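Undergrad: File name final30.csv; file contents CSV, C-alpha atoms and all ligand atoms; full text below.
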```
chain,number,residue,atom,x,y,z
A,1278,MET,CA,19.2,-5.4,27.0
A,1279,ASP,CA,22.7,-6.5,26.2
A,1280,ASN,CA,23.8,-4.4,23.2
A,1281,ASN,CA,27.1,-6.2,22.5
A,1282,ARG,CA,25.5,-9.6,22.4
A,1283,ASN,CA,22.8,-8.2,20.1
A,1284,PHE,CA,25.3,-6.6,17.8
A,1285,GLU,CA,26.9,-10.0,17.3
A,1286,LYS,CA,23.6,-11.5,16.5
A,1287,TYR,CA,22.6,-8.6,14.2
A,1288,ALA,CA,25.9,-9.0,12.3
A,1289,ASP,CA,25.4,-12.8,12.0
A,1290,LEU,CA,21.9,-12.2,10.7
A,1291,ILE,CA,23.1,-9.7,8.0
A,1292,VAL,CA,25.9,-12.0,6.8
A,1293,ASN,CA,24.0,-15.3,6.8
A,1294,ILE,CA,20.4,-14.3,6.1
A,1295,GLY,CA,20.5,-10.8,4.7
A,1296,LEU,CA,23.2,-11.4,2.1
A,1297,GLY,CA,23.9,-15.1,2.3
A,1298,LEU,CA,27.6,-14.4,1.8
A,1299,HIS,CA,30.0,-17.1,0.9
A,1300,ALA,CA,33.5,-17.7,-0.6
A,1301,GLY,CA,34.0,-15.8,-3.8
A,1302,ASP,CA,31.6,-12.9,-2.8
A,1303,LYS,CA,32.8,-9.4,-2.2
A,1304,LEU,CA,31.0,-6.8,-0.1
A,1305,ASN,CA,30.3,-3.1,-0.6
A,1306,ILE,CA,29.0,-1.4,2.6
A,1307,ARG,CA,27.3,1.9,2.3
A,1308,MET,CA,27.6,3.6,5.7
A,1309,SER,CA,28.0,6.6,7.9
A,1310,GLU,CA,30.0,7.2,11.2
A,1311,HIS,CA,27.2,5.6,13.2
A,1312,SER,CA,27.4,2.4,11.3
A,1313,LEU,CA,31.1,1.8,11.9
A,1314,PRO,CA,30.9,-0.6,14.9
A,1315,LEU,CA,28.4,-2.8,13.2
A,1316,ALA,CA,30.2,-2.6,9.8
A,1317,ARG,CA,33.4,-3.9,11.5
A,1318,LEU,CA,31.5,-6.9,12.9
A,1319,VAL,CA,29.9,-7.6,9.6
A,1320,ALA,CA,33.2,-7.3,7.8
A,1321,LYS,CA,34.9,-9.7,10.2
A,1322,LYS,CA,32.1,-12.3,9.9
A,1323,ALA,CA,32.1,-11.8,6.1
A,1324,PHE,CA,35.8,-12.6,5.9
A,1325,GLN,CA,35.3,-15.7,8.0
A,1326,LYS,CA,32.7,-16.8,5.4
A,1327,GLY,CA,35.3,-16.5,2.6
A,1328,VAL,CA,34.5,-13.0,1.4
A,1329,SER,CA,37.8,-11.6,-0.1
A,1330,ASP,CA,37.2,-7.9,0.0
A,1331,VAL,CA,35.0,-5.4,1.9
A,1332,ARG,CA,34.8,-1.9,0.4
A,1333,LEU,CA,33.3,1.0,2.4
A,1334,ASP,CA,31.3,3.8,0.8
A,1335,PHE,CA,31.3,6.5,3.5
A,1336,SER,CA,29.0,9.4,3.6
A,1337,ASP,CA,28.4,12.0,6.3
A,1338,ASP,CA,25.1,13.8,7.2
A,1339,THR,CA,26.8,17.1,8.2
A,1340,ILE,CA,28.7,17.3,4.9
A,1341,THR,CA,25.7,16.2,2.9
A,1342,LEU,CA,23.6,19.0,4.4
A,1343,ASP,CA,26.5,21.6,4.1
A,1344,ARG,CA,26.7,20.8,0.4
A,1345,TYR,CA,23.1,21.7,-0.1
A,1346,LEU,CA,23.4,24.8,2.0
A,1347,ASN,CA,26.8,26.1,0.8
A,1348,ALA,CA,28.0,24.6,-2.4
A,1349,PRO,CA,27.7,26.6,-5.6
A,1350,ASP,CA,24.8,26.0,-8.0
A,1351,ASP,CA,26.9,24.1,-10.6
A,1352,ALA,CA,27.5,21.4,-7.9
A,1353,PHE,CA,24.0,20.2,-8.7
A,1354,THR,CA,24.0,20.2,-12.5
A,1355,SER,CA,26.0,17.1,-13.4
A,1356,TYR,CA,26.9,13.7,-11.9
A,1357,PRO,CA,30.3,12.2,-12.7
A,1358,GLU,CA,30.0,9.4,-15.3
A,1359,TYR,CA,33.2,7.8,-13.9
A,1360,GLN,CA,31.4,7.3,-10.6
A,1361,VAL,CA,28.7,5.4,-12.3
A,1362,ASP,CA,31.3,3.3,-14.2
A,1363,PHE,CA,33.0,2.6,-10.9
A,1364,SER,CA,29.8,1.3,-9.3
A,1365,GLU,CA,29.1,-0.8,-12.3
A,1366,ASN,CA,32.5,-2.3,-12.2
A,1367,LEU,CA,32.0,-3.3,-8.6
A,1368,PHE,CA,28.7,-5.1,-9.5
A,1369,LYS,CA,30.5,-6.8,-12.4
A,1370,ASP,CA,33.3,-7.9,-10.0
A,1371,ASN,CA,30.8,-9.7,-7.8
A,1372,TYR,CA,30.5,-7.0,-5.1
A,1373,HIS,CA,27.2,-7.3,-3.2
A,1374,VAL,CA,25.6,-4.3,-1.4
A,1375,LEU,CA,24.9,-3.7,2.2
A,1376,ASN,CA,23.1,-0.5,3.2
A,1377,LEU,CA,23.9,0.2,6.8
A,1378,PHE,CA,22.4,3.7,7.1
A,1379,ALA,CA,21.5,5.6,10.2
A,1380,PRO,CA,18.9,7.8,8.7
A,1381,ASN,CA,18.1,11.3,10.2
A,1382,PRO,CA,14.5,11.9,9.1
A,1383,ASP,CA,14.9,15.7,9.4
A,1384,LEU,CA,18.4,16.0,7.9
A,1385,LEU,CA,17.5,18.1,4.8
A,1386,LYS,CA,14.8,20.3,6.4
A,1387,PRO,CA,16.9,23.4,6.2
A,1388,ALA,CA,17.9,22.8,2.6
A,1389,ASP,CA,16.3,24.3,-0.5
A,1390,PRO,CA,13.7,21.8,-1.8
A,1391,ALA,CA,14.4,22.9,-5.4
A,1392,ARG,CA,18.0,22.0,-5.0
A,1393,ILE,CA,17.2,18.6,-3.5
A,1394,ALA,CA,14.7,17.9,-6.4
A,1395,GLN,CA,17.2,19.0,-9.0
A,1396,TRP,CA,20.0,16.8,-7.5
A,1397,GLN,CA,17.6,13.8,-7.2
A,1398,LYS,CA,16.8,14.2,-10.9
A,1399,VAL,CA,20.4,14.6,-12.0
A,1400,ALA,CA,21.7,11.7,-9.9
A,1401,GLY,CA,18.7,9.5,-10.7
A,1402,LYS,CA,19.2,9.9,-14.4
A,1403,ALA,CA,22.9,9.2,-14.1
A,1404,VAL,CA,22.6,6.0,-12.1
A,1405,LYS,CA,19.6,4.7,-14.1
A,1406,ARG,CA,21.8,2.6,-16.3
A,1407,ILE,CA,23.0,0.6,-13.3
A,1408,GLN,CA,19.6,0.4,-11.5
A,1409,HIS,CA,19.0,-3.1,-13.0
A,1410,TYR,CA,21.8,-4.7,-11.0
A,1411,THR,CA,19.7,-4.4,-7.8
A,1412,MET,CA,16.2,-4.0,-9.3
A,1413,GLN,CA,16.6,-7.3,-11.1
A,1414,ASN,CA,18.6,-9.0,-8.4
A,1415,GLU,CA,21.7,-9.4,-10.5
A,1416,VAL,CA,23.6,-9.0,-7.3
A,1417,LYS,CA,22.6,-9.6,-3.7
A,1418,TRP,CA,21.6,-6.5,-1.7
A,1419,CYS,CA,20.3,-5.8,1.8
A,1420,VAL,CA,19.0,-2.7,3.3
A,1421,THR,CA,19.0,-2.5,7.1
A,1422,ALA,CA,19.6,0.3,9.6
A,1423,VAL,CA,21.5,1.3,12.7
A,1424,ALA,CA,20.5,3.8,15.4
A,1425,CYS,CA,21.9,7.4,15.6
A,1426,PRO,CA,21.1,10.2,18.0
A,1427,ALA,CA,19.2,12.3,15.4
A,1428,TRP,CA,17.0,9.4,14.4
A,1429,ALA,CA,16.4,8.5,18.0
A,1430,ALA,CA,15.5,12.1,18.9
A,1431,ALA,CA,13.0,12.2,16.0
A,1432,ALA,CA,11.4,8.9,17.0
A,1433,PHE,CA,11.4,9.6,20.8
A,1434,PRO,CA,11.5,13.4,21.3
A,1435,GLU,CA,10.4,13.1,25.0
A,1436,LEU,CA,13.5,11.1,26.0
A,1437,THR,CA,17.1,12.1,26.8
A,1438,GLU,CA,19.6,11.2,24.1
A,1439,ASP,CA,20.9,8.1,25.9
A,1440,GLU,CA,17.4,6.8,26.7
A,1441,ALA,CA,16.2,7.5,23.2
A,1442,MET,CA,19.2,5.7,21.6
A,1443,GLN,CA,18.7,2.6,23.9
A,1444,LYS,CA,15.0,2.6,23.1
A,1445,LEU,CA,15.6,2.8,19.4
A,1446,TRP,CA,18.2,0.0,19.5
A,1447,ASP,CA,15.8,-2.1,21.6
A,1448,ASN,CA,13.1,-1.6,19.0
A,1449,ILE,CA,15.4,-2.3,16.1
A,1450,PHE,CA,16.4,-5.5,17.7
A,1451,MET,CA,12.8,-6.4,18.3
A,1452,ALA,CA,11.7,-5.5,14.8
A,1453,THR,CA,14.5,-7.5,13.2
A,1454,ARG,CA,14.0,-10.5,15.6
A,1455,VAL,CA,17.6,-10.1,16.8
A,1456,ASP,CA,16.2,-10.1,20.3
A,1457,GLN,CA,15.0,-13.7,19.9
A,1458,PRO,CA,17.3,-16.6,21.1
A,1459,ASP,CA,18.1,-17.7,17.6
A,1460,PRO,CA,17.4,-14.9,15.1
A,1461,VAL,CA,18.5,-17.0,12.1
A,1462,ALA,CA,16.0,-19.8,13.0
A,1463,ALA,CA,13.3,-17.1,13.6
A,1464,TRP,CA,13.9,-15.7,10.1
A,1465,GLU,CA,13.7,-19.1,8.5
A,1466,GLU,CA,10.3,-19.6,10.2
A,1467,HIS,CA,9.2,-16.1,9.3
A,1468,ASP,CA,10.2,-16.7,5.7
A,1469,LEU,CA,7.9,-19.8,5.6
A,1470,ASN,CA,4.9,-17.8,6.8
A,1471,LEU,CA,5.6,-15.1,4.2
A,1472,LYS,CA,5.9,-17.7,1.5
A,1473,ALA,CA,2.6,-19.3,2.5
A,1474,HIS,CA,0.8,-15.9,2.0
A,1475,ARG,CA,2.7,-15.4,-1.2
A,1476,ASN,CA,1.7,-18.8,-2.6
A,1477,PHE,CA,-2.0,-18.3,-1.7
A,1478,LEU,CA,-2.0,-14.9,-3.6
A,1479,ASN,CA,-0.1,-16.4,-6.6
A,1480,GLU,CA,-2.6,-19.3,-6.8
A,1481,ALA,CA,-5.7,-17.0,-6.4
A,1482,ARG,CA,-4.7,-15.0,-9.6
A,1483,PHE,CA,-6.6,-11.9,-8.5
A,1484,ASP,CA,-7.5,-9.3,-11.2
A,1485,ARG,CA,-7.7,-6.4,-8.8
A,1486,VAL,CA,-7.5,-5.4,-5.1
A,1487,HIS,CA,-10.0,-3.2,-3.3
A,1488,TYR,CA,-9.1,-1.0,-0.3
A,1489,GLN,CA,-11.8,0.4,1.9
A,1490,GLY,CA,-11.3,2.6,5.0
A,1491,PRO,CA,-11.5,6.1,6.4
A,1492,GLY,CA,-10.8,8.4,3.4
A,1493,THR,CA,-9.9,5.4,1.2
A,1494,ASP,CA,-11.8,3.7,-1.5
A,1495,LEU,CA,-9.4,2.5,-4.1
A,1496,VAL,CA,-9.3,-0.3,-6.7
A,1497,VAL,CA,-5.8,-1.3,-7.8
A,1498,GLY,CA,-5.6,-3.5,-10.9
A,1499,LEU,CA,-2.8,-6.1,-10.9
A,1500,ALA,CA,-0.6,-6.6,-13.9
A,1501,LYS,CA,-1.6,-9.7,-15.9
A,1502,ASN,CA,1.0,-12.4,-15.1
A,1503,HIS,CA,2.0,-10.5,-11.9
A,1504,ILE,CA,4.0,-12.4,-9.3
A,1505,TRP,CA,3.6,-11.9,-5.6
A,1506,GLU,CA,6.9,-12.0,-3.7
A,1507,GLY,CA,7.8,-11.9,0.0
A,1508,GLY,CA,10.6,-12.8,2.3
A,1509,SER,CA,13.8,-14.1,0.7
A,1510,GLY,CA,14.6,-13.5,-2.9
A,1511,PHE,CA,17.1,-15.1,-5.2
A,1512,SER,CA,20.0,-13.5,-7.1
A,1513,GLN,CA,20.3,-14.3,-10.8
A,1514,LYS,CA,23.1,-16.7,-9.7
A,1515,GLY,CA,20.7,-18.5,-7.5
A,1516,ASP,CA,21.9,-17.3,-4.1
A,1517,ARG,CA,19.2,-16.6,-1.5
A,1518,PHE,CA,19.1,-13.2,0.2
A,1519,PHE,CA,16.7,-10.8,2.0
A,1520,PRO,CA,16.6,-7.3,0.4
A,1521,ASN,CA,15.2,-5.8,3.5
A,1522,ILE,CA,15.8,-6.5,7.2
A,1523,PRO,CA,13.2,-6.1,8.6
A,1524,THR,CA,10.6,-7.3,6.1
A,1525,GLU,CA,6.9,-8.2,6.8
A,1526,GLU,CA,5.4,-7.6,3.3
A,1527,VAL,CA,4.2,-9.6,0.4
A,1528,PHE,CA,4.2,-7.4,-2.6
A,1529,SER,CA,3.4,-7.5,-6.3
A,1530,MET,CA,3.0,-5.3,-9.4
A,1531,PRO,CA,0.0,-3.0,-9.9
A,1532,ASP,CA,-1.0,-2.3,-13.4
A,1533,ALA,CA,0.3,1.2,-13.8
A,1534,ASP,CA,-2.8,2.2,-15.9
A,1535,ARG,CA,-5.6,0.5,-13.8
A,1536,VAL,CA,-5.7,2.3,-10.5
A,1537,ASP,CA,-8.9,4.3,-9.6
A,1538,GLY,CA,-10.2,6.0,-6.5
A,1539,THR,CA,-8.9,7.9,-3.5
A,1540,LEU,CA,-6.6,6.8,-0.8
A,1541,ARG,CA,-5.5,8.5,2.4
A,1542,ALA,CA,-2.0,7.8,3.8
A,1543,THR,CA,-2.1,6.4,7.3
A,1544,MET,CA,1.4,7.4,8.4
A,1545,PRO,CA,3.7,10.3,7.7
A,1546,LEU,CA,6.2,9.8,5.0
A,1547,SER,CA,9.9,10.5,5.5
A,1548,VAL,CA,11.5,11.2,2.2
A,1549,ARG,CA,14.8,12.8,1.3
A,1550,GLY,CA,15.3,14.0,4.9
A,1551,GLN,CA,11.9,15.7,4.9
A,1552,ILE,CA,8.5,14.8,6.3
A,1553,VAL,CA,5.2,14.7,4.4
A,1554,ASP,CA,2.1,14.2,6.5
A,1555,LYS,CA,-1.7,14.0,6.3
A,1556,PHE,CA,-1.8,13.5,2.6
A,1557,HIS,CA,-4.0,11.8,0.0
A,1558,PHE,CA,-4.0,10.9,-3.7
A,1559,THR,CA,-6.8,10.5,-6.2
A,1560,PHE,CA,-6.0,8.2,-9.2
A,1561,LYS,CA,-7.8,7.8,-12.5
A,1562,ASP,CA,-6.7,5.2,-15.1
A,1563,GLY,CA,-3.5,4.7,-13.0
A,1564,LYS,CA,-2.4,8.3,-12.8
A,1565,VAL,CA,-2.5,10.7,-9.9
A,1566,VAL,CA,-5.0,13.4,-10.9
A,1567,ASP,CA,-5.4,15.1,-7.5
A,1568,TYR,CA,-3.4,15.2,-4.2
A,1569,ASP,CA,-2.9,17.3,-1.2
A,1570,ALA,CA,-0.8,17.3,2.0
A,1571,GLU,CA,-1.2,19.3,5.2
A,1572,VAL,CA,2.5,19.0,5.8
A,1573,GLY,CA,5.2,19.0,3.1
A,1574,LYS,CA,3.1,19.5,0.0
A,1575,GLN,CA,6.0,21.0,-1.9
A,1576,ILE,CA,7.9,17.7,-1.4
A,1577,LEU,CA,5.1,15.8,-3.0
A,1578,ASP,CA,5.0,18.4,-5.9
A,1579,ASP,CA,8.7,17.7,-6.6
A,1580,LEU,CA,8.3,14.0,-6.3
A,1581,LEU,CA,5.4,13.7,-8.7
A,1582,ASP,CA,7.2,16.1,-11.1
A,1583,MET,CA,10.2,13.8,-11.4
A,1584,ASP,CA,8.9,12.0,-14.5
A,1585,GLU,CA,5.8,10.5,-15.9
A,1586,GLY,CA,6.3,7.2,-13.9
A,1587,ALA,CA,6.3,9.2,-10.7
A,1588,LYS,CA,2.6,9.8,-11.0
A,1589,HIS,CA,1.8,6.0,-11.3
A,1590,LEU,CA,2.1,3.1,-8.9
A,1591,GLY,CA,5.0,0.6,-9.1
A,1592,GLU,CA,4.4,-1.6,-6.0
A,1593,ILE,CA,1.5,-2.9,-4.0
A,1594,ALA,CA,2.3,-4.5,-0.6
A,1595,LEU,CA,0.2,-6.3,2.0
A,1596,VAL,CA,1.3,-6.3,5.6
A,1597,ALA,CA,-0.6,-7.6,8.6
A,1598,ASP,CA,-1.0,-5.3,11.5
A,1599,ASN,CA,0.2,-8.0,13.8
A,1600,SER,CA,4.0,-8.1,13.5
A,1601,PRO,CA,6.9,-7.4,15.7
A,1602,ILE,CA,7.3,-3.9,14.2
A,1603,SER,CA,3.6,-3.1,14.3
A,1604,ASN,CA,3.4,-4.4,17.8
A,1605,THR,CA,6.0,-1.9,19.0
A,1606,GLY,CA,3.4,0.7,18.3
A,1607,ILE,CA,6.1,3.2,17.3
A,1608,LEU,CA,6.3,5.6,14.4
A,1609,PHE,CA,9.9,5.1,13.4
A,1610,LYS,CA,9.9,8.0,10.9
A,1611,ASN,CA,11.9,5.7,8.7
A,1612,THR,CA,10.4,4.0,5.6
A,1613,LEU,CA,12.2,0.7,6.0
A,1614,PHE,CA,10.5,0.2,9.4
A,1615,ASP,CA,7.2,2.0,9.0
A,1616,GLU,CA,6.4,0.3,5.6
A,1617,ASN,CA,6.8,-3.0,7.3
A,1618,ALA,CA,4.2,-2.1,9.9
A,1619,SER,CA,1.5,-1.3,7.3
A,1620,CYS,CA,0.1,-2.0,3.9
A,1621,HIS,CA,1.7,0.3,1.4
A,1622,PHE,CA,2.1,1.4,-2.2
A,1623,ALA,CA,5.1,2.9,-4.0
A,1624,LEU,CA,5.0,5.6,-6.6
A,1625,GLY,CA,7.5,5.0,-9.3
A,1626,ALA,CA,9.6,2.1,-10.5
A,1627,ALA,CA,8.2,-1.5,-10.3
A,1628,TYR,CA,10.3,-4.6,-9.6
A,1629,SER,CA,10.9,-6.9,-12.5
A,1630,GLU,CA,10.7,-9.9,-10.2
A,1631,ASN,CA,6.9,-9.1,-9.9
A,1632,LEU,CA,6.2,-9.8,-13.5
A,1633,GLU,CA,6.7,-13.0,-15.4
A,1634,GLY,CA,9.4,-12.8,-18.1
A,1635,ALA,CA,10.0,-9.1,-17.4
A,1636,THR,CA,13.8,-9.4,-17.7
A,1637,GLU,CA,13.5,-10.8,-21.2
A,1638,ARG,CA,11.6,-7.8,-22.6
A,1639,THR,CA,12.4,-4.1,-23.2
A,1640,GLU,CA,11.3,-1.3,-20.8
A,1641,GLU,CA,8.8,-0.2,-23.5
A,1642,GLU,CA,7.4,-3.7,-23.9
A,1643,ASN,CA,7.0,-4.1,-20.1
A,1644,ARG,CA,5.4,-0.7,-19.8
A,1645,LYS,CA,2.6,-1.9,-22.2
A,1646,LEU,CA,2.0,-4.8,-19.8
A,1647,GLY,CA,1.5,-2.3,-16.9
A,1648,MET,CA,5.0,-2.3,-15.5
A,1649,ASN,CA,5.8,1.2,-14.3
A,1650,ASN,CA,9.3,2.7,-14.7
A,1651,SER,CA,10.6,5.9,-13.1
A,1652,LEU,CA,13.7,7.4,-11.5
A,1653,ILE,CA,11.9,7.2,-8.1
A,1654,HIS,CA,10.5,4.5,-5.9
A,1655,VAL,CA,8.8,6.0,-2.9
A,1656,ASP,CA,6.8,3.9,-0.5
A,1657,PHE,CA,3.9,5.4,1.5
A,1658,MET,CA,1.6,3.7,4.0
A,1659,VAL,CA,-2.1,3.1,3.6
A,1660,GLY,CA,-2.8,0.2,6.0
A,1661,SER,CA,-4.4,0.3,9.4
A,1662,LYS,CA,-6.8,-1.7,11.6
A,1663,ASP,CA,-9.6,0.2,9.8
A,1664,VAL,CA,-8.7,-0.6,6.3
A,1665,THR,CA,-10.2,-3.7,4.7
A,1666,VAL,CA,-8.4,-5.3,1.7
A,1667,THR,CA,-10.3,-7.5,-0.7
A,1668,GLY,CA,-9.0,-9.5,-3.6
A,1669,ILE,CA,-11.3,-9.7,-6.7
A,1670,LYS,CA,-11.0,-12.2,-9.4
A,1671,GLU,CA,-11.8,-11.7,-13.1
A,1672,ASP,CA,-15.2,-13.4,-12.7
A,1673,GLY,CA,-16.1,-11.1,-9.8
A,1674,THR,CA,-15.3,-13.6,-6.9
A,1675,GLU,CA,-14.2,-11.7,-3.8
A,1676,ILE,CA,-12.0,-12.9,-1.0
A,1677,VAL,CA,-11.2,-10.7,2.0
A,1678,LEU,CA,-7.4,-10.7,2.5
A,1679,LEU,CA,-6.9,-8.3,5.4
A,1680,LYS,CA,-9.5,-7.1,8.0
A,1681,ASP,CA,-9.1,-5.5,11.4
A,1682,GLY,CA,-5.4,-5.5,10.7
A,1683,ASP,CA,-5.0,-9.3,10.3
A,1684,TRP,CA,-4.7,-11.8,7.5
A,1685,GLN,CA,-8.0,-13.5,6.7
A,1686,ILE,CA,-6.3,-16.2,4.5
B,1,ZN,ZN,7.3,-2.7,-0.2
B,2,ZN,ZN,8.9,-0.3,-2.0
```
Could you render the structure from this file as structure tokens?
TA:
Amino acid sequence: MDNNRNFEKYADLIVNIGLGLHAGDKLNIRMSEHSLPLARLVAKKAFQKGVSDVRLDFSDDTITLDRYLNAPDDAFTSYPEYQVDFSENLFKDNYHVLNLFAPNPDLLKPADPARIAQWQKVAGKAVKRIQHYTMQNEVKWCVTAVACPAWAAAAFPELTEDEAMQKLWDNIFMATRVDQPDPVAAWEEHDLNLKAHRNFLNEARFDRVHYQGPGTDLVVGLAKNHIWEGGSGFSQKGDRFFPNIPTEEVFSMPDADRVDGTLRATMPLSVRGQIVDKFHFTFKDGKVVDYDAEVGKQILDDLLDMDEGAKHLGEIALVADNSPISNTGILFKNTLFDENASCHFALGAAYSENLEGATERTEEENRKLGMNNSLIHVDFMVGSKDVTVTGIKEDGTEIVLLKDGDWQI
């Protein structure tokens, strides 16, 4: 495949579809060394659209890991307030956020899990007061990814570095529809399909959703007045954007207190540079009351221990097995890609766009309506060809939504 031509198309897609940038907008790109070629293309196209400034937030994997391995203990006890103020000022000054990360799924394997958990807690608490800018779509934001050798090696351990990088890029281009002749048109059509499923689910007004499969028998209550979303979203100023590229999900808000049963994850979870695998949860009245993992249990311990909301669900997402990502048949070891190949849930914070009127109420008022809040939002995969998903209405009417990996609606 022609990488240069695809980079151009990828940058076009990010600027026009991902962030819908136009005159008056400013852009904040979060990136690493591997993102620089694409960041430069995105910046050029953004300026051509009338964007007046592009700010780079650079971070480096080697330095991130070295900090965990070698910095003194007090490096992990406080997060500078001025840093949070600075980020808030960018949001207020009409900066929109592009995440262009090249994630290494194994980055933090050598680091002390207690240190990682402590820092996540400290940093999470510090930035909580500015979470609403993105969680409530006050600004436009888009998460996408670029390949890097460490990620390529984790996804394709059997290949040489060059082969693995090429294969990863080819699959990123396929999953993001960048390989299609007109990716922007392909995304417009894709958006219409997602919206059709979203509209069906919103009109059906299901009370709860039942998951049945190997190791899984779970009933997830939906928050009353929940809203299903999928594909493009709108910023509070009314601009259209896509929070994730790729995206294949329609998602809504579970009632944080009405989840009962057991579910088995169908894919490993890559979280904080570490892998959790072969794990399951049991819920009672919305709360995780039992869990285990054959790999990375300590990571789950730390996650669930973050706060009360970490033990409850904040997102329910339906994904057909038949999508460009799923059809690659690849385990990317990256949540952005793997979650879009499979039905998933998230432990932790819910999105206010999934509940009618959520932005007009306080956190406590919303929590009473079943909207979870937490410092974390961690997606894990529960879908497969063997999992049947059924919507159940308040009067007991059942409609099969997904079976054998495909939409039934
Ligand atoms: Zn999701
Ligand atoms: Zn999620």
Undergrad: Find the residues near Ala1288 in chain A: any atom within 8 Å, counting all atoms listed in the file, skip ones fewer than 2 places away on the same chain, and give them as a PyMOL selection string.
TA: chain A and resi 1284-1286+1290-1292+1315+1318-1319+1322
Undergrad: List the spatial neighbours of range 1453-1470 of chain A as a VMD selection string - criterion: any atom at most 6 Å away, all atoms listed in the file, same-chain residues fewer than 3 positions off excluded.
TA: chain A and resid 1287 1450 1473 1508 1523
Undergrad: Please return as a ChimeraX atom specification the residues found within 12 Å of ligand ZN 1 (chain B), counting only C-alpha atoms and all ligand atoms.
TA: /A:1505-1508,1520-1530,1590-1596,1612-1628,1631,1654-1659
Undergrad: Determine, counting all atoms listed in the file, which protein, DNA and RNA residues have an atom within 9 Å of an atom of Phe1353 in chain A; residues of the same chain fewer than 6 positions away are not included. Present the result as a list of chain:residue names.
TA: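 The residues satisfying every condition are A:Tyr1345, A:Arg1392, A:Ile1393, A:Gln1395, A:Trp1396, A:Val1399, A:Ala1400.
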Undergrad: Generate the output file for the selected residues, C-alpha atoms, as a CSV table (one decimal), keeping the file's coordinate frame.
TA:
```csv
chain,number,residue,atom,x,y,z
A,1345,TYR,CA,23.1,21.7,-0.1
A,1392,ARG,CA,18.0,22.0,-5.0
A,1393,ILE,CA,17.2,18.6,-3.5
A,1395,GLN,CA,17.2,19.0,-9.0
A,1396,TRP,CA,20.0,16.8,-7.5
A,1399,VAL,CA,20.4,14.6,-12.0
A,1400,ALA,CA,21.7,11.7,-9.9
```
Undergrad: Given all atoms listed in the file as the basis, pick out the residue of A:Leu1478, A:Leu1342, A:Leu1377, A:Val1565 nearest to Asp1578 in chain A.
TA: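 Nearest candidate to Asp1578 in chain A out of A:Leu1478, A:Leu1342, A:Leu1377, A:Val1565: A:Val1565.
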Undergrad: Can you measure CA of Gly1668 in chain A to CA of Ser1600 in chain A for me? One decimal in Å is fine.
TA: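 CA of Ser1600 in chain A lies 21.5 Å from CA of Gly1668 in chain A.
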Undergrad: Could you give me, as a list of chain:residue names, the residues within 6 Å of range 1678-1680 of chain A, counting all atoms listed in the file and dropping anything in the same chain fewer than 2 positions from it?
TA: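 Surrounding residues, per the criterion: A:Thr1665, A:Val1666, A:Thr1667, A:Gly1682, A:Asp1683, A:Trp1684, A:Gln1685, A:Ile1686.
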Undergrad: Pick out the closest residue to Asp1554 in chain A from this set: A:Glu1585, A:Glu1571, A:Asp1389, A:Asp1343. Count all atoms listed in the file.
TA: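 Selected residue with least distance to Asp1554 in chain A: A:Glu1571.
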Undergrad: Can you work out which one of A:Val1420, A:Ser1309, A:Met1451, A:Phe1560 has the shortest atom-to-atom distance to ligand ZN 2 (chain B), counting all atoms listed in the file?
TA: A:Val1420
Undergrad: Using only C-alpha atoms, find the one residue out of A:Met1544, A:Leu1333, A:Ala1323, A:Ala1533 that sits nearest to Arg1644 in chain A.
TA: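 Among the listed residues, the smallest separation from Arg1644 in chain A belongs to A:Ala1533.
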Undergrad: For range 1365-1371 of chain A, list every protein, DNA or RNA residue within 8 Å, evaluated using only C-alpha atoms, and leave out those in the same chain fewer than 2 positions away; present the list as a list in words.
TA: Gly1301, Asp1302, Lys1303, Val1361, Asp1362, Phe1363, His1373, Ile1407, Tyr1410 and Val1416 of chain A
Undergrad: Quick one: write out the picked residues with C-alpha atoms as an mmCIF file, in the frame of the given file?
TA:
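Generated file (selection-v4.cif):
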```
data_model
loop_
_atom_site.group_PDB
_atom_site.id
_atom_site.type_symbol
_atom_site.label_atom_id
_atom_site.label_comp_id
_atom_site.auth_asym_id
_atom_site.auth_seq_id
_atom_site.Cartn_x
_atom_site.Cartn_y
_atom_site.Cartn_z
ATOM 1 C CA GLY A 1301 34.000 -15.800 -3.800
ATOM 2 C CA ASP A 1302 31.600 -12.900 -2.800
ATOM 3 C CA LYS A 1303 32.800 -9.400 -2.200
ATOM 4 C CA VAL A 1361 28.700 5.400 -12.300
ATOM 5 C CA ASP A 1362 31.300 3.300 -14.200
ATOM 6 C CA PHE A 1363 33.000 2.600 -10.900
ATOM 7 C CA HIS A 1373 27.200 -7.300 -3.200
ATOM 8 C CA ILE A 1407 23.000 0.600 -13.300
ATOM 9 C CA TYR A 1410 21.800 -4.700 -11.000
ATOM 10 C CA VAL A 1416 23.600 -9.000 -7.300
#
```
Undergrad: Give the answer as one residue: which of A:Glu1641, A:Thr1674, A:Met1412, A:Lys1501 has the shortest atom-to-atom distance to ligand ZN 2 (chain B), using only C-alpha atoms and all ligand atoms?
TA: A:Met1412
Undergrad: Here's a test: counting all atoms listed in the file, identify every protein, DNA and RNA residue with an atom at most 6 Å from (-8.6, 6.3, 3.3) in the file's coordinate frame, and state them as number ranges by chain.
TA: A: 1490-1493, 1540-1541
Undergrad: May I ask for the distance between CA of Asp1569 in chain A and CA of Lys1555 in chain A, given in Å to one decimal place?
TA: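 CA of Lys1555 in chain A lies at a distance of 8.3 Å from CA of Asp1569 in chain A.
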Undergrad: What is the distance, in Å and to one decimal place, between CA of Val1328 in chain A and CA of Asn1305 in chain A?
TA: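 It comes out at 10.9 Å.
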Undergrad: With all atoms listed in the file as the atoms that count, which of A:Ile1552, A:Ala1500, A:Ile1653, A:Ala1587 lies nearest to ligand ZN 2 (chain B)?
TA: A:Ile1653
